[in-house]
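J.: Compact mmCIF, C-alpha atoms and all ligand atoms, file target_31.txt:
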```txt
# COMPACT_ATOMS: atom_id res chain seq x y z
CA MET A 1 23.47 -2.00 1.71
CA PRO A 2 20.02 -0.40 2.30
CA GLN A 3 18.99 2.44 -0.01
CA THR A 4 19.86 5.68 1.83
CA ASN A 5 17.05 7.93 0.51
CA THR A 6 14.24 5.91 2.08
CA SER A 7 11.62 8.21 3.60
CA ILE A 8 8.97 5.52 3.35
CA LEU A 9 9.49 1.84 4.09
CA LEU A 10 6.72 -0.52 3.02
CA THR A 11 6.90 -3.79 4.85
CA THR A 12 5.11 -6.85 6.15
CA LEU A 13 5.75 -10.29 7.61
CA ASN A 14 4.77 -13.05 5.19
CA ALA A 15 3.99 -16.50 6.57
CA ARG A 16 6.70 -18.02 4.38
CA TYR A 17 9.51 -16.57 2.37
CA ILE A 18 7.98 -17.91 -0.87
CA HIS A 19 4.87 -15.73 -0.41
CA SER A 20 4.91 -12.17 -1.56
CA ALA A 21 2.73 -9.30 -0.45
CA PHE A 22 0.70 -8.03 -3.40
CA GLY A 23 -0.97 -5.28 -1.38
CA LEU A 24 2.36 -3.52 -0.76
CA ARG A 25 3.15 -3.64 -4.47
CA TYR A 26 -0.18 -1.94 -5.23
CA LEU A 27 0.68 0.82 -2.75
CA LEU A 28 4.16 1.29 -4.23
CA ALA A 29 2.80 1.43 -7.79
CA ASN A 30 0.43 4.23 -6.78
CA LEU A 31 2.90 6.39 -4.84
CA GLY A 32 3.65 8.69 -7.80
CA LYS A 33 6.54 11.08 -7.05
CA LEU A 34 7.13 9.46 -3.66
CA GLN A 35 8.07 6.17 -5.31
CA SER A 36 11.73 7.17 -5.64
CA GLN A 37 12.04 7.63 -1.87
CA THR A 38 10.24 4.39 -0.99
CA THR A 39 11.64 0.93 -0.34
CA LEU A 40 9.69 -2.33 -0.17
CA LYS A 41 11.19 -4.87 2.21
CA GLU A 42 9.52 -8.12 3.21
CA PHE A 43 10.20 -10.30 6.23
CA THR A 44 8.63 -13.53 7.47
CA ILE A 45 6.93 -14.36 10.76
CA HIS A 46 9.81 -16.74 11.51
CA GLU A 47 12.29 -13.90 12.02
CA ARG A 48 12.80 -12.39 15.46
CA PRO A 49 11.10 -8.99 15.96
CA ILE A 50 14.41 -7.55 17.24
CA ASP A 51 16.19 -8.57 14.01
CA ILE A 52 13.36 -7.13 11.90
CA VAL A 53 13.48 -3.83 13.81
CA GLU A 54 17.25 -3.65 13.39
CA LYS A 55 16.90 -4.12 9.63
CA ILE A 56 14.09 -1.54 9.40
CA LEU A 57 16.21 1.03 11.26
CA GLU A 58 19.09 0.59 8.80
CA TYR A 59 16.91 2.37 6.21
CA LYS A 60 16.35 5.39 8.51
CA PRO A 61 12.71 5.76 7.37
CA LYS A 62 10.40 8.60 8.44
CA ILE A 63 7.33 6.47 7.73
CA VAL A 64 6.86 2.71 8.02
CA GLY A 65 3.77 1.21 6.38
CA LEU A 66 2.87 -2.31 7.48
CA SER A 67 0.36 -4.77 6.01
CA VAL A 68 -1.53 -6.58 8.74
CA TYR A 69 -3.15 -9.94 7.96
CA ILE A 70 -4.49 -12.72 10.16
CA TRP A 71 -1.22 -14.67 9.82
CA ASN A 72 1.05 -11.85 11.04
CA VAL A 73 -1.02 -9.75 13.42
CA SER A 74 0.67 -10.85 16.66
CA GLU A 75 4.23 -10.74 15.20
CA ILE A 76 3.54 -7.29 13.75
CA GLY A 77 2.29 -6.24 17.19
CA GLU A 78 5.60 -7.27 18.78
CA THR A 79 7.61 -5.62 16.01
CA VAL A 80 5.73 -2.31 16.23
CA ALA A 81 5.95 -2.28 20.04
CA LEU A 82 9.72 -2.64 19.83
CA LEU A 83 10.04 -0.11 17.01
CA LYS A 84 8.05 2.46 19.00
CA GLN A 85 10.33 1.90 22.02
CA VAL A 86 13.57 2.51 20.14
CA ALA A 87 12.44 4.99 17.50
CA PRO A 88 9.17 6.69 18.58
CA GLU A 89 9.69 9.44 15.98
CA ILE A 90 8.99 7.03 13.10
CA CYS A 91 5.40 7.35 11.92
CA ILE A 92 3.70 3.96 11.80
CA ILE A 93 0.85 3.44 9.33
CA LEU A 94 -1.08 0.17 9.34
CA GLY A 95 -3.33 -1.26 6.64
CA GLY A 96 -4.65 -4.59 5.42
CA PRO A 97 -7.68 -6.78 6.19
CA GLU A 98 -6.88 -7.37 9.86
CA VAL A 99 -7.10 -3.66 10.76
CA SER A 100 -9.90 -2.80 8.34
CA HIS A 101 -12.80 -3.98 10.44
CA LEU A 102 -12.67 -1.87 13.59
CA PRO A 103 -13.90 -1.88 16.40
CA ASP A 104 -12.83 -5.54 16.32
CA LYS A 105 -9.29 -4.21 16.56
CA PRO A 106 -6.04 -5.96 17.40
CA GLU A 107 -3.75 -4.44 20.08
CA VAL A 108 -1.27 -3.15 17.50
CA VAL A 109 -3.84 -0.52 16.47
CA ASP A 110 -3.21 1.34 19.76
CA LEU A 111 0.54 1.51 19.08
CA ALA A 112 0.27 2.86 15.53
CA ASP A 113 0.02 6.49 14.45
CA TYR A 114 -2.45 5.92 11.61
CA ILE A 115 -4.72 3.15 10.34
CA ILE A 116 -6.04 3.13 6.79
CA LYS A 117 -9.10 0.92 6.50
CA GLY A 118 -9.81 -0.89 3.22
CA PRO A 119 -8.15 0.05 -0.07
CA GLY A 120 -4.85 1.87 0.39
CA GLU A 121 -3.75 2.96 -3.08
CA ILE A 122 -5.01 6.57 -2.94
CA SER A 123 -5.18 7.19 0.80
CA PHE A 124 -1.66 5.94 1.61
CA ARG A 125 -0.11 8.31 -0.93
CA LYS A 126 -2.16 11.26 0.37
CA LEU A 127 -1.30 10.50 4.00
CA CYS A 128 2.44 10.16 3.25
CA GLU A 129 2.40 13.49 1.37
CA GLN A 130 0.72 15.16 4.36
CA ILE A 131 3.16 13.67 6.89
CA LEU A 132 6.25 14.54 4.83
CA ASN A 133 4.91 18.11 4.34
CA GLU A 134 4.43 18.43 8.12
CA GLN A 135 0.62 18.57 7.73
CA LYS A 136 -0.29 15.51 9.78
CA PRO A 137 -4.04 14.82 9.84
CA LEU A 138 -5.63 14.76 13.30
CA ASN A 139 -7.78 11.68 12.80
CA LYS A 140 -5.95 8.42 13.42
CA VAL A 141 -8.33 6.16 11.52
CA ILE A 142 -8.73 6.94 7.85
CA GLU A 143 -11.34 5.38 5.60
CA GLY A 144 -9.50 4.13 2.48
CA GLU A 145 -10.67 5.78 -0.73
CA ALA A 146 -11.45 3.42 -3.57
CA GLU A 147 -10.28 4.16 -7.09
CA THR A 148 -13.50 4.40 -9.07
CA LEU A 149 -13.62 2.17 -12.10
CA ASP A 150 -15.80 4.57 -14.06
CA LYS A 151 -13.09 7.24 -14.12
CA ILE A 152 -12.31 7.60 -17.79
CA LEU A 153 -8.74 8.65 -18.47
CA SER A 154 -7.79 10.55 -21.63
CA ASP A 155 -4.54 9.71 -23.45
CA ASP A 156 -3.06 12.94 -22.02
CA ALA A 157 -4.00 11.94 -18.48
CA ILE A 158 -2.30 8.55 -18.96
CA VAL A 159 0.86 10.32 -20.21
CA GLU A 160 0.80 12.53 -17.10
CA ARG A 161 0.31 9.58 -14.73
CA LEU A 162 3.22 7.72 -16.27
CA GLN A 163 5.39 10.84 -16.06
CA GLY A 164 4.67 10.92 -12.32
CA GLU A 165 6.28 7.48 -12.17
CA GLY A 166 9.30 8.57 -14.23
CA ILE A 167 8.13 6.99 -17.51
CA TYR A 168 8.19 9.39 -20.45
CA ILE A 169 6.20 8.42 -23.55
CA ALA A 170 4.40 10.45 -26.21
CA ARG A 171 0.62 10.80 -26.33
CA ARG A 172 0.62 9.26 -29.82
CA THR A 173 2.26 6.11 -28.37
CA VAL A 174 -0.57 5.78 -25.83
CA ALA A 175 -3.10 6.31 -28.66
CA LYS A 176 -1.34 3.72 -30.84
CA TYR A 177 -1.52 1.01 -28.15
CA ARG A 178 -5.08 1.99 -27.17
CA GLU A 179 -6.20 1.60 -30.79
CA ALA A 180 -4.31 -1.69 -31.16
CA MET A 181 -6.26 -2.97 -28.14
CA LYS A 182 -9.48 -1.76 -29.82
CA ILE A 183 -10.24 0.72 -27.01
CA ALA A 184 -12.20 3.78 -28.16
CA SER A 185 -11.04 7.35 -27.44
CA SER A 186 -11.93 8.86 -24.05
CA VAL A 187 -14.44 11.19 -25.78
CA GLN A 188 -16.19 8.21 -27.35
CA ARG A 189 -16.09 6.19 -24.10
CA ARG A 190 -17.62 9.12 -22.17
CA ARG A 191 -20.34 9.38 -24.85
CA ASP A 192 -21.03 5.64 -24.63
CA LYS A 193 -21.36 5.84 -20.85
CA ALA A 194 -23.76 8.76 -21.06
CA LEU A 195 -26.11 6.82 -23.37
CA PRO A 196 -29.16 5.36 -21.62
CA VAL A 197 -28.95 1.57 -21.32
C1 LIG A 201 -3.73 -14.15 -2.85
C2 LIG A 201 -4.18 -14.52 -1.47
C3 LIG A 201 -3.40 -15.42 -0.77
C4 LIG A 201 -2.10 -15.96 -1.33
C5 LIG A 201 -0.94 -14.98 -1.09
C6 LIG A 201 -0.98 -14.21 0.21
C7 LIG A 201 0.13 -13.17 0.26
N1 LIG A 201 1.02 -13.24 1.23
O1 LIG A 201 0.19 -12.28 -0.52
C8 LIG A 201 -1.95 -17.30 -0.57
C9 LIG A 201 -2.53 -18.40 -1.41
C10 LIG A 201 -0.55 -17.67 -0.15
C11 LIG A 201 -2.88 -17.04 0.62
C12 LIG A 201 -2.84 -17.80 1.73
C13 LIG A 201 -3.60 -17.54 2.86
N2 LIG A 201 -4.57 -16.65 3.01
CO1 LIG A 201 -5.01 -15.42 1.61
N3 LIG A 201 -5.73 -14.35 0.33
C14 LIG A 201 -5.38 -14.00 -0.89
C15 LIG A 201 -6.43 -13.09 -1.55
C16 LIG A 201 -7.31 -14.00 -2.44
C17 LIG A 201 -5.91 -11.95 -2.35
C18 LIG A 201 -4.91 -11.05 -1.57
C19 LIG A 201 -4.50 -9.93 -2.45
O2 LIG A 201 -3.41 -9.94 -2.99
N4 LIG A 201 -5.39 -8.98 -2.63
C20 LIG A 201 -5.10 -7.85 -3.46
C21 LIG A 201 -4.39 -6.81 -2.61
C22 LIG A 201 -4.14 -5.56 -3.45
O3 LIG A 201 -5.31 -6.49 -1.58
P1 LIG A 201 -4.89 -6.47 -0.05
O4 LIG A 201 -3.83 -7.44 0.22
O5 LIG A 201 -6.11 -6.53 0.78
O6 LIG A 201 -4.27 -5.00 0.07
C23 LIG A 201 -5.05 -3.83 -0.02
C24 LIG A 201 -5.61 -3.35 1.32
O7 LIG A 201 -5.78 -4.37 2.28
C25 LIG A 201 -4.65 -2.28 1.74
N5 LIG A 201 -3.40 -2.62 2.40
C26 LIG A 201 -2.72 -3.79 2.46
N6 LIG A 201 -1.57 -3.61 3.10
C27 LIG A 201 -1.49 -2.32 3.46
C28 LIG A 201 -0.51 -1.62 4.15
C29 LIG A 201 -0.69 -0.27 4.40
C30 LIG A 201 0.36 0.50 5.12
C31 LIG A 201 -1.88 0.38 3.95
C32 LIG A 201 -2.08 1.81 4.22
C33 LIG A 201 -2.86 -0.32 3.27
C34 LIG A 201 -2.66 -1.67 3.03
O8 LIG A 201 -4.28 -1.68 0.51
C35 LIG A 201 -4.12 -2.72 -0.47
C36 LIG A 201 -4.50 -2.11 -1.78
O9 LIG A 201 -5.82 -1.64 -1.79
C37 LIG A 201 -7.21 -12.56 -0.30
C38 LIG A 201 -8.68 -12.26 -0.55
C39 LIG A 201 -8.86 -10.92 -1.20
N7 LIG A 201 -9.81 -10.85 -2.09
O10 LIG A 201 -8.16 -9.94 -0.91
C40 LIG A 201 -7.01 -13.68 0.72
C41 LIG A 201 -6.79 -13.32 2.20
C42 LIG A 201 -5.79 -12.18 2.29
N8 LIG A 201 -6.22 -14.55 2.75
C43 LIG A 201 -6.66 -14.81 3.92
C44 LIG A 201 -6.24 -15.95 4.66
C45 LIG A 201 -6.98 -16.22 5.95
C46 LIG A 201 -5.22 -16.79 4.20
C47 LIG A 201 -4.63 -18.03 4.89
C48 LIG A 201 -4.33 -17.79 6.37
C49 LIG A 201 -5.59 -19.18 4.64
C50 LIG A 201 -5.22 -20.46 5.37
N9 LIG A 201 -6.06 -20.82 6.30
O11 LIG A 201 -4.21 -21.05 5.08
C51 LIG A 201 -3.36 -18.32 4.08
C52 LIG A 201 -2.02 -17.92 4.76
C53 LIG A 201 -1.30 -16.78 4.09
C54 LIG A 201 0.18 -16.83 4.26
N10 LIG A 201 0.87 -15.77 3.93
O12 LIG A 201 0.71 -17.83 4.67
C55 LIG A 201 -7.65 -13.78 4.40
C56 LIG A 201 -7.00 -12.85 5.43
C57 LIG A 201 -7.96 -12.44 6.53
C58 LIG A 201 -7.30 -11.41 7.43
N11 LIG A 201 -8.10 -10.84 8.30
O13 LIG A 201 -6.14 -11.13 7.40
C59 LIG A 201 -8.09 -13.12 3.09
C60 LIG A 201 -8.51 -11.64 3.21
C61 LIG A 201 -9.26 -13.98 2.53
C62 LIG A 201 -10.49 -13.89 3.38
N12 LIG A 201 -11.47 -13.06 3.05
O14 LIG A 201 -10.58 -14.60 4.36
N13 LIG A 201 -3.70 -16.02 0.41
```
Here is a file; write its structure as structure tokens.
T.:
Amino acid sequence: MPQTNTSILLTTLNARYIHSAFGLRYLLANLGKLQSQTTLKEFTIHERPIDIVEKILEYKPKIVGLSVYIWNVSEIGETVALLKQVAPEICIILGGPEVSHLPDKPEVVDLADYIIKGPGEISFRKLCEQILNEQKPLNKVIEGEAETLDKILSDDAIVERLQGEGIYIARRTVAKYREAMKIASSVQRRRDKALPV
């Protein structure tokens, strides 16, 4: 039975059932508080669009996020066209390499509500929060924000991030593992970065 509290459904059509979509898992891992109302469901390009749409509708999602790659672009186009016919109120967000290099855009882009180009981890969460809070952005194409690698997180910040995902651990536990991995404190790491090379 599909999970009933699914506001967001993350999905794609893999080329074979043995493949799994890593990109969707990255998005799910970065959804923070929205994770509990999100379901990840994968299909393959060998299933009929009508069957896929029927299964998607069973979740009653408000938002459907689809990963578009070269191997599924036409099947996703058929699926989205059908989904928009039967449930136009569902907000369709597309991402993935095949929709990241506009203006060389596939037809499915015209059917979708939003396109996130490039990395989706931060931008997908922000867009879902806006849509669910009835503050839909006006621009359809959103440039994906990249998580900067030079962002130095303190132990407290790591505790907070994990709490957002429902994992409760003490700051001293984070410190213990950080030290065991021979990673310096955030203060020291910031100092090291500030030093001229
Ligand atoms: C691992 C991998 C595979 C694996 C697994 C694929 C799978 N289904 O997961 C295997 C080996 C099976 C594979 C095979 C093929 N692959 Co491949 N593969 C990759 C590789 C190296 C990494 C993909 C990955 O996991 N990246 C990490 C994730 C996190 O990144 P991502 O998928 O791009 O997702 C991010 C964004 O795109 C975006 N995003 C993704 N989905 C969504 C959805 C929404 C709603 C939003 C908002 C954002 C979003 O956010 C994600 C996080 O930032 C990439 C190259 C690369 N460096 O990315 C090529 C790549 C995806 N493969 C490619 C190709 C062409 C193929 C093949 C067709 C090759 C062939 N000729 O056989 C086959 C067929 C795939 C299949 N499913 O049958 C191309 C796709 C080009 C395109 N325009 O779609 C890529 C980009 C390589 C390239 N530069 O040409 N591949």
J.: Pick from A:Arg48, A:Lys140, A:Lys193, A:Lys60: nearest to ligand LIG 201 (chain A), with only C-alpha atoms and all ligand atoms counted?
T.: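 Residue with the minimum atom-to-atom distance to ligand LIG 201 (chain A): A:Lys140.
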J.: With all atoms listed in the file as the atoms that count, which of A:Leu10, A:Ala15, A:Leu82, A:Val174 lies nearest to Leu31 in chain A?
T.: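 When distances to Leu31 in chain A are compared using all atoms listed in the file, the smallest one comes from A:Leu10.
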J.: What residues of the protein or nucleic acid chains come within 9 Å of ligand LIG 201 (chain A) when you use all atoms listed in the file? Reply as an MDAnalysis selection string.
T.: chainID A and resid 10:27 44 64:73 92:101 114:125 127 144:146
J.: Which residues are close to Lys55 in chain A, i.e. within 12 Å by all atoms listed in the file, leaving aside same-chain residues fewer than 2 positions away? Reply as a PyMOL selection string.
T.: chain A and resi 1-3+9+11+41-43+47-53+57-61+79+83
J.: Choose the residue, out of A:Asp110, A:Ala180, A:Ile131, A:Ile142, that has the smallest atom-to-atom separation from Ala81 in chain A; count only C-alpha atoms.
T.: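 Closest candidate: A:Asp110.
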J.: Show which residues sit within 9 Å of Leu153 in chain A, as a PyMOL selection string. Count only C-alpha atoms, and ignore same-chain residues fewer than 4 positions away.
T.: chain A and resi 157-158+186
J.: CA of Leu34 in chain A and CA of Val86 in chain A are how many Å apart?
T.: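 Taking CA of Leu34 in chain A as the start and CA of Val86 in chain A as the end point, the length is 25.6 Å.
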J.: CA of Ile8 in chain A to CA of Cys91 in chain A: how many Å, to one decimal?
T.: 9.5 Å
J.: Interatomic distance between CA of Asp113 in chain A and CA of Ser7 in chain A?
T.: 16.0 Å
J.: Measuring atom to atom with all atoms listed in the file, identify which of A:Thr38, A:Asn139, A:Ser74, A:Ser185 is nearest to Asp156 in chain A.
T.: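 Among the listed residues, the smallest separation from Asp156 in chain A belongs to A:Ser185.
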J.: Hey, which of A:Ile152, A:Glu75, A:Ala29, A:Glu165 ends up closest to Asp192 in chain A? Count all atoms listed in the file.
T.: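 Once distances to Asp192 in chain A are computed over all atoms listed in the file, the minimum belongs to A:Ile152.
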J.: Using all atoms listed in the file, which residues sit within 12 Å of Ala170 in chain A once same-chain residues fewer than 6 positions away are excluded, as number ranges by chain?
T.: A: 155-160, 162-163, 176-177
J.: Measuring between only C-alpha atoms, which one of A:Arg171, A:Lys136, A:Lys105, A:Lys151 shows the shortest distance to Arg189 in chain A?
T.: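 Using only C-alpha atoms, Arg189 in chain A sits closest to A:Lys151.
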